[in-house]
Amino acid sequence: MPSPGRVGKRRTTAEARRDAEFAVFAAGAGGRLLHAALLLTGDPEAAEDLLTAVLARVYADWFRMRAEDPYEAARCELFRRFFYRPWWRRPRGGVLGRLSAQERLVVTMRYFEGVAEEQTAAQLGLPAERIRTISARATATLRSSDAAGPAAGHGGAPGGRAGATGGGVAAR
Amino acid sequence: MSLPNRRDAEVRRLLDTRHPMVPLDLAARAMARGRRIVRRRRAVHAVLWVLLLAAVATGIVLAVLAWPDRPAATPHDGPWWTG
(Lines give C-alpha, C1' and ligand atoms only; values in the text may rest on other atoms or scores of the structure.)
Protein backbone atom coordinates (compact mmCIF):
# COMPACT_ATOMS: atom_id res chain seq x y z
CA MET A 1 0.00 0.00 0.00
CA PRO A 2 1.52 3.32 -0.98
CA SER A 3 1.64 5.70 1.92
CA PRO A 4 -0.91 8.49 1.57
CA GLY A 5 1.63 11.14 2.51
CA ARG A 6 3.86 10.47 -0.44
CA VAL A 7 1.48 9.87 -3.27
CA GLY A 8 -1.22 12.20 -4.42
CA LYS A 9 -4.69 12.25 -2.99
CA ARG A 10 -6.25 11.34 -6.31
CA ARG A 11 -4.22 8.20 -6.59
CA THR A 12 -5.13 7.22 -3.05
CA THR A 13 -8.82 7.51 -3.74
CA ALA A 14 -8.39 5.60 -7.01
CA GLU A 15 -6.59 2.81 -5.18
CA ALA A 16 -9.33 2.65 -2.58
CA ARG A 17 -11.96 2.46 -5.31
CA ARG A 18 -10.04 -0.27 -7.08
CA ASP A 19 -9.70 -2.26 -3.88
CA ALA A 20 -13.42 -2.06 -3.22
CA GLU A 21 -14.43 -2.92 -6.78
CA PHE A 22 -11.94 -5.74 -6.98
CA ALA A 23 -13.12 -7.21 -3.69
CA VAL A 24 -16.69 -7.25 -4.98
CA PHE A 25 -15.58 -8.82 -8.26
CA ALA A 26 -13.47 -11.49 -6.58
CA ALA A 27 -16.26 -12.39 -4.20
CA GLY A 28 -18.70 -12.71 -7.06
CA ALA A 29 -16.62 -14.46 -9.70
CA GLY A 30 -14.18 -16.37 -7.51
CA GLY A 31 -16.24 -19.53 -7.22
CA ARG A 32 -16.80 -19.99 -10.91
CA LEU A 33 -13.23 -19.08 -11.82
CA LEU A 34 -11.90 -21.48 -9.20
CA HIS A 35 -14.12 -24.18 -10.62
CA ALA A 36 -12.70 -23.58 -14.08
CA ALA A 37 -9.16 -23.59 -12.71
CA LEU A 38 -9.88 -26.82 -10.87
CA LEU A 39 -11.17 -28.43 -14.04
CA LEU A 40 -8.03 -27.33 -15.84
CA THR A 41 -5.41 -28.30 -13.30
CA GLY A 42 -7.24 -31.11 -11.53
CA ASP A 43 -5.55 -30.24 -8.26
CA PRO A 44 -7.09 -27.84 -5.72
CA GLU A 45 -3.76 -26.36 -4.65
CA ALA A 46 -2.57 -25.76 -8.19
CA ALA A 47 -5.97 -24.31 -9.05
CA GLU A 48 -5.70 -21.85 -6.18
CA ASP A 49 -2.22 -20.82 -7.24
CA LEU A 50 -3.34 -20.33 -10.81
CA LEU A 51 -6.38 -18.33 -9.78
CA THR A 52 -4.33 -16.16 -7.42
CA ALA A 53 -1.94 -15.30 -10.23
CA VAL A 54 -4.83 -14.55 -12.57
CA LEU A 55 -6.63 -12.36 -10.06
CA ALA A 56 -3.43 -10.50 -9.26
CA ARG A 57 -3.04 -9.70 -12.92
CA VAL A 58 -6.65 -8.57 -13.16
CA TYR A 59 -6.10 -6.35 -10.13
CA ALA A 60 -3.02 -4.81 -11.69
CA ASP A 61 -4.83 -4.20 -14.98
CA TRP A 62 -7.99 -2.90 -13.33
CA PHE A 63 -7.62 0.66 -14.61
CA ARG A 64 -6.43 -0.40 -18.02
CA MET A 65 -9.63 -2.19 -18.94
CA ARG A 66 -12.06 0.62 -19.28
CA ALA A 67 -15.27 -0.86 -20.61
CA GLU A 68 -14.24 -4.49 -20.73
CA ASP A 69 -15.84 -7.10 -18.57
CA PRO A 70 -13.41 -8.05 -15.79
CA TYR A 71 -14.79 -11.56 -15.80
CA GLU A 72 -14.01 -11.91 -19.48
CA ALA A 73 -10.50 -10.59 -18.88
CA ALA A 74 -9.95 -12.97 -15.98
CA ARG A 75 -11.18 -15.90 -18.02
CA CYS A 76 -8.90 -15.05 -20.93
CA GLU A 77 -5.97 -14.66 -18.57
CA LEU A 78 -6.76 -17.99 -16.92
CA PHE A 79 -6.83 -19.83 -20.24
CA ARG A 80 -3.73 -18.05 -21.47
CA ARG A 81 -1.78 -18.86 -18.36
CA PHE A 82 -2.80 -22.48 -18.53
CA PHE A 83 -2.00 -22.63 -22.24
CA TYR A 84 1.53 -21.30 -21.76
CA ARG A 85 2.36 -23.54 -18.86
CA PRO A 86 5.57 -25.55 -19.28
CA TRP A 87 5.22 -29.20 -20.14
CA TRP A 88 6.55 -30.46 -16.82
CA ARG A 89 3.61 -28.90 -14.99
CA ARG A 90 1.21 -31.30 -16.59
CA PRO A 91 -2.22 -31.43 -15.02
CA ARG A 92 -3.46 -34.70 -13.60
CA GLY A 93 -6.48 -35.91 -11.76
CA GLY A 94 -9.80 -34.21 -11.31
CA VAL A 95 -12.99 -34.68 -13.27
CA LEU A 96 -11.15 -34.47 -16.59
CA GLY A 97 -8.35 -36.73 -15.36
CA ARG A 98 -8.07 -38.76 -18.53
CA LEU A 99 -7.66 -35.87 -20.92
CA SER A 100 -4.50 -34.18 -22.05
CA ALA A 101 -3.83 -30.55 -21.21
CA GLN A 102 -5.05 -29.33 -24.57
CA GLU A 103 -8.22 -31.37 -24.37
CA ARG A 104 -8.86 -30.10 -20.86
CA LEU A 105 -8.46 -26.55 -22.08
CA VAL A 106 -10.83 -27.02 -25.02
CA VAL A 107 -13.44 -28.87 -22.97
CA THR A 108 -13.35 -26.29 -20.20
CA MET A 109 -13.57 -23.40 -22.63
CA ARG A 110 -16.33 -24.86 -24.73
CA TYR A 111 -18.50 -26.82 -22.35
CA PHE A 112 -17.90 -25.23 -18.96
CA GLU A 113 -17.49 -21.60 -19.95
CA GLY A 114 -19.53 -21.80 -23.11
CA VAL A 115 -17.03 -19.99 -25.32
CA ALA A 116 -17.99 -20.32 -28.98
CA GLU A 117 -16.00 -22.62 -31.20
CA GLU A 118 -14.62 -19.84 -33.39
CA GLN A 119 -13.60 -17.78 -30.39
CA THR A 120 -11.87 -20.78 -28.84
CA ALA A 121 -10.02 -21.35 -32.08
CA ALA A 122 -8.99 -17.72 -32.27
CA GLN A 123 -7.78 -17.65 -28.68
CA LEU A 124 -5.74 -20.81 -28.99
CA GLY A 125 -4.46 -19.98 -32.46
CA LEU A 126 -5.80 -23.19 -33.98
CA PRO A 127 -8.15 -23.73 -36.89
CA ALA A 128 -11.78 -24.33 -36.01
CA GLU A 129 -11.71 -27.83 -37.47
CA ARG A 130 -8.93 -28.74 -35.08
CA ILE A 131 -10.99 -27.50 -32.15
CA ARG A 132 -13.90 -29.59 -33.37
CA THR A 133 -11.67 -32.66 -33.65
CA ILE A 134 -10.16 -32.16 -30.21
CA SER A 135 -13.51 -31.64 -28.54
CA ALA A 136 -15.01 -34.66 -30.32
CA ARG A 137 -12.14 -36.84 -29.15
CA ALA A 138 -12.32 -35.47 -25.61
CA THR A 139 -16.07 -35.97 -25.52
CA ALA A 140 -15.69 -39.55 -26.67
CA THR A 141 -13.05 -40.23 -24.02
CA LEU A 142 -15.16 -38.66 -21.31
CA ARG A 143 -18.27 -40.57 -22.29
CA SER A 144 -16.47 -43.89 -22.58
CA SER A 145 -14.83 -43.45 -19.18
CA ASP A 146 -18.15 -42.35 -17.77
CA ALA A 147 -19.85 -45.45 -19.12
CA ALA A 148 -17.07 -47.67 -17.80
CA GLY A 149 -17.62 -46.22 -14.36
CA PRO A 150 -16.31 -42.95 -12.94
CA ALA A 151 -14.24 -44.69 -10.27
CA ALA A 152 -12.77 -47.36 -12.57
CA GLY A 153 -10.02 -45.17 -14.02
CA HIS A 154 -8.27 -47.89 -16.04
CA GLY A 155 -6.00 -46.68 -18.80
CA GLY A 156 -6.53 -46.87 -22.53
CA ALA A 157 -9.81 -45.42 -23.64
CA PRO A 158 -10.07 -46.24 -27.33
CA GLY A 159 -11.98 -43.62 -29.20
CA GLY A 160 -13.32 -46.23 -31.60
CA ARG A 161 -15.26 -47.86 -28.81
CA ALA A 162 -17.08 -44.68 -27.95
CA GLY A 163 -19.83 -45.25 -30.46
CA ALA A 164 -20.39 -48.81 -29.31
CA THR A 165 -20.44 -47.70 -25.68
CA GLY A 166 -22.86 -44.92 -26.50
CA GLY A 167 -25.09 -47.45 -28.24
CA GLY A 168 -24.97 -49.63 -25.15
CA VAL A 169 -25.93 -46.73 -22.94
CA ALA A 170 -28.76 -45.81 -25.29
CA ALA A 171 -30.01 -49.40 -25.37
CA ARG A 172 -30.22 -49.62 -21.58
CA MET B 1 -21.99 -22.84 -34.24
CA SER B 2 -22.91 -26.48 -34.01
CA LEU B 3 -26.37 -27.60 -33.06
CA PRO B 4 -26.82 -28.66 -29.46
CA ASN B 5 -26.65 -32.42 -29.38
CA ARG B 6 -26.90 -35.13 -26.78
CA ARG B 7 -23.16 -35.72 -26.38
CA ASP B 8 -22.45 -32.09 -25.63
CA ALA B 9 -25.29 -32.02 -23.15
CA GLU B 10 -23.87 -35.10 -21.45
CA VAL B 11 -20.44 -33.51 -21.09
CA ARG B 12 -22.01 -30.32 -19.83
CA ARG B 13 -23.90 -32.29 -17.21
CA LEU B 14 -20.65 -33.96 -16.20
CA LEU B 15 -18.99 -30.60 -15.68
CA ASP B 16 -21.98 -28.94 -14.08
CA THR B 17 -21.23 -29.60 -10.44
CA ARG B 18 -21.11 -27.34 -7.43
CA HIS B 19 -18.42 -24.69 -7.36
CA PRO B 20 -15.58 -25.50 -4.98
CA MET B 21 -15.19 -23.46 -1.83
CA VAL B 22 -13.08 -20.39 -2.39
CA PRO B 23 -10.55 -19.87 0.43
CA LEU B 24 -11.30 -16.74 2.37
CA ASP B 25 -7.87 -15.20 1.96
CA LEU B 26 -7.57 -15.84 -1.77
CA ALA B 27 -8.81 -12.40 -2.77
CA ALA B 28 -6.54 -10.75 -0.22
CA ARG B 29 -3.55 -12.73 -1.45
CA ALA B 30 -4.37 -11.84 -5.05
CA MET B 31 -4.70 -8.20 -4.05
CA ALA B 32 -1.32 -8.17 -2.34
CA ARG B 33 0.28 -9.80 -5.34
CA GLY B 34 -1.45 -7.40 -7.69
CA ARG B 35 -0.15 -4.47 -5.66
CA ARG B 36 3.33 -5.88 -6.02
CA ILE B 37 2.85 -6.07 -9.78
CA VAL B 38 1.64 -2.48 -9.87
CA ARG B 39 4.60 -1.31 -7.80
CA ARG B 40 7.03 -3.15 -10.03
CA ARG B 41 5.46 -1.66 -13.13
CA ARG B 42 5.64 1.79 -11.65
CA ALA B 43 9.32 1.34 -10.81
CA VAL B 44 10.11 0.13 -14.32
CA HIS B 45 8.25 3.08 -15.82
CA ALA B 46 10.11 5.51 -13.58
CA VAL B 47 13.48 4.03 -14.56
CA LEU B 48 12.61 4.18 -18.24
CA TRP B 49 11.49 7.80 -17.99
CA VAL B 50 14.69 8.74 -16.15
CA LEU B 51 16.75 7.03 -18.83
CA LEU B 52 14.87 8.81 -21.59
CA LEU B 53 15.24 12.21 -19.96
CA ALA B 54 18.93 11.58 -19.30
CA ALA B 55 19.45 10.64 -22.92
CA VAL B 56 17.68 13.78 -24.13
CA ALA B 57 19.68 15.97 -21.74
CA THR B 58 22.92 14.35 -22.82
CA GLY B 59 22.05 14.92 -26.44
CA ILE B 60 21.29 18.59 -25.86
CA VAL B 61 24.47 19.14 -23.88
CA LEU B 62 26.59 17.39 -26.47
CA ALA B 63 24.95 19.37 -29.26
CA VAL B 64 25.60 22.65 -27.46
CA LEU B 65 29.22 21.81 -26.65
CA ALA B 66 30.28 20.14 -29.88
CA TRP B 67 28.20 21.98 -32.49
CA PRO B 68 30.48 23.42 -35.18
CA ASP B 69 30.24 27.21 -35.25
CA ARG B 70 30.46 27.39 -38.95
CA PRO B 71 29.82 24.55 -41.29
CA ALA B 72 33.00 23.67 -43.10
CA ALA B 73 32.87 25.22 -46.54
CA THR B 74 33.42 22.48 -49.00
CA PRO B 75 34.30 23.52 -52.50
CA HIS B 76 31.76 22.11 -54.84
CA ASP B 77 33.80 20.82 -57.66
CA GLY B 78 32.77 17.20 -57.89
CA PRO B 79 29.91 15.81 -59.85
CA TRP B 80 26.40 16.79 -58.72
CA TRP B 81 25.67 13.69 -56.62
CA THR B 82 28.53 14.33 -54.20
CA GLY B 83 26.81 17.48 -53.00
# chains A, B, ... in the order shown; residues from 1 in each chain; ligands from 1

$ residues_around --residues "range 5-15 of chain B" --least-positions-apart "5" --cutoff "7 Å" --atoms "only C-alpha atoms" --output "ChimeraX atom specification"
/A:111-112,139

$ residues_around --residues "range 30-47 of chain A" --least-positions-apart "2" --cutoff "9 Å" --atoms "only C-alpha atoms" --output "ChimeraX atom specification"
/A:25-28,49-52,55,71,74-75,78-79,82,90-97,101,104-105,108-109,112-113 /B:15,17-22,26-27

$ select_by_dssp --residues "range 8-119 of chain A" --states "alpha helix (DSSP H)" --output "PyMOL selection string"
chain A and resi 9-41+44-60+70-83+101-107+117-119

$ atom_distance --atom1 "CA of Arg39 in chain B" --atom2 "CA of Arg17 in chain A"
17.2 Å

$ closest_residue --among "A:Ala14, A:Ala60, A:Ala121, A:Ala29" --to "chain B" --atoms "only C-alpha atoms"
A:Ala60

$ atom_distance --atom1 "CA of Ile134 in chain A" --atom2 "CA of Arg110 in chain A"
11.0 Å

$ closest_residue --among "A:Tyr59, A:Gly8, A:Ala20, A:Thr141" --to "Arg35 in chain B" --atoms "only C-alpha atoms"
A:Tyr59

$ residues_around --residues "Ala56 in chain A" --least-positions-apart "5" --cutoff "6 Å" --atoms "only C-alpha atoms" --output "PDB file with N, CA and C atoms, in the first residue's frame"
ATOM      1  N   ALA B  30      -4.436 -12.343  -3.667  1.00  0.00           N
ATOM      2  CA  ALA B  30      -4.366 -11.844  -5.046  1.00  0.00           C
ATOM      3  C   ALA B  30      -4.176 -10.336  -5.049  1.00  0.00           C
ATOM      4  N   MET B  31      -4.835  -9.657  -4.104  1.00  0.00           N
ATOM      5  CA  MET B  31      -4.704  -8.202  -4.049  1.00  0.00           C
ATOM      6  C   MET B  31      -3.275  -7.808  -3.698  1.00  0.00           C
ATOM      7  N   ARG B  33      -0.595  -9.505  -4.204  1.00  0.00           N
ATOM      8  CA  ARG B  33       0.276  -9.797  -5.340  1.00  0.00           C
ATOM      9  C   ARG B  33       0.078  -8.788  -6.467  1.00  0.00           C
ATOM     10  N   GLY B  34      -1.179  -8.396  -6.665  1.00  0.00           N
ATOM     11  CA  GLY B  34      -1.455  -7.397  -7.690  1.00  0.00           C
ATOM     12  C   GLY B  34      -0.813  -6.059  -7.360  1.00  0.00           C
TER      13      GLY B  34
END

$ closest_residue --among "B:Val61, B:Val38, B:Leu48, B:Leu24" --to "chain A" --atoms "only C-alpha atoms"
B:Val38

$ closest_residue --among "A:Leu126, A:Ala23, A:Ile131, A:Leu99" --to "Trp62 in chain A" --atoms "only C-alpha atoms"
A:Ala23

$ atom_distance --atom1 "CA of Ala73 in chain A" --atom2 "CA of Val58 in chain A"
7.2 Å

$ closest_residue --among "A:Ala140, A:Ala67, A:Cys76, A:Val106" --to "chain B" --atoms "only C-alpha atoms"
A:Ala140
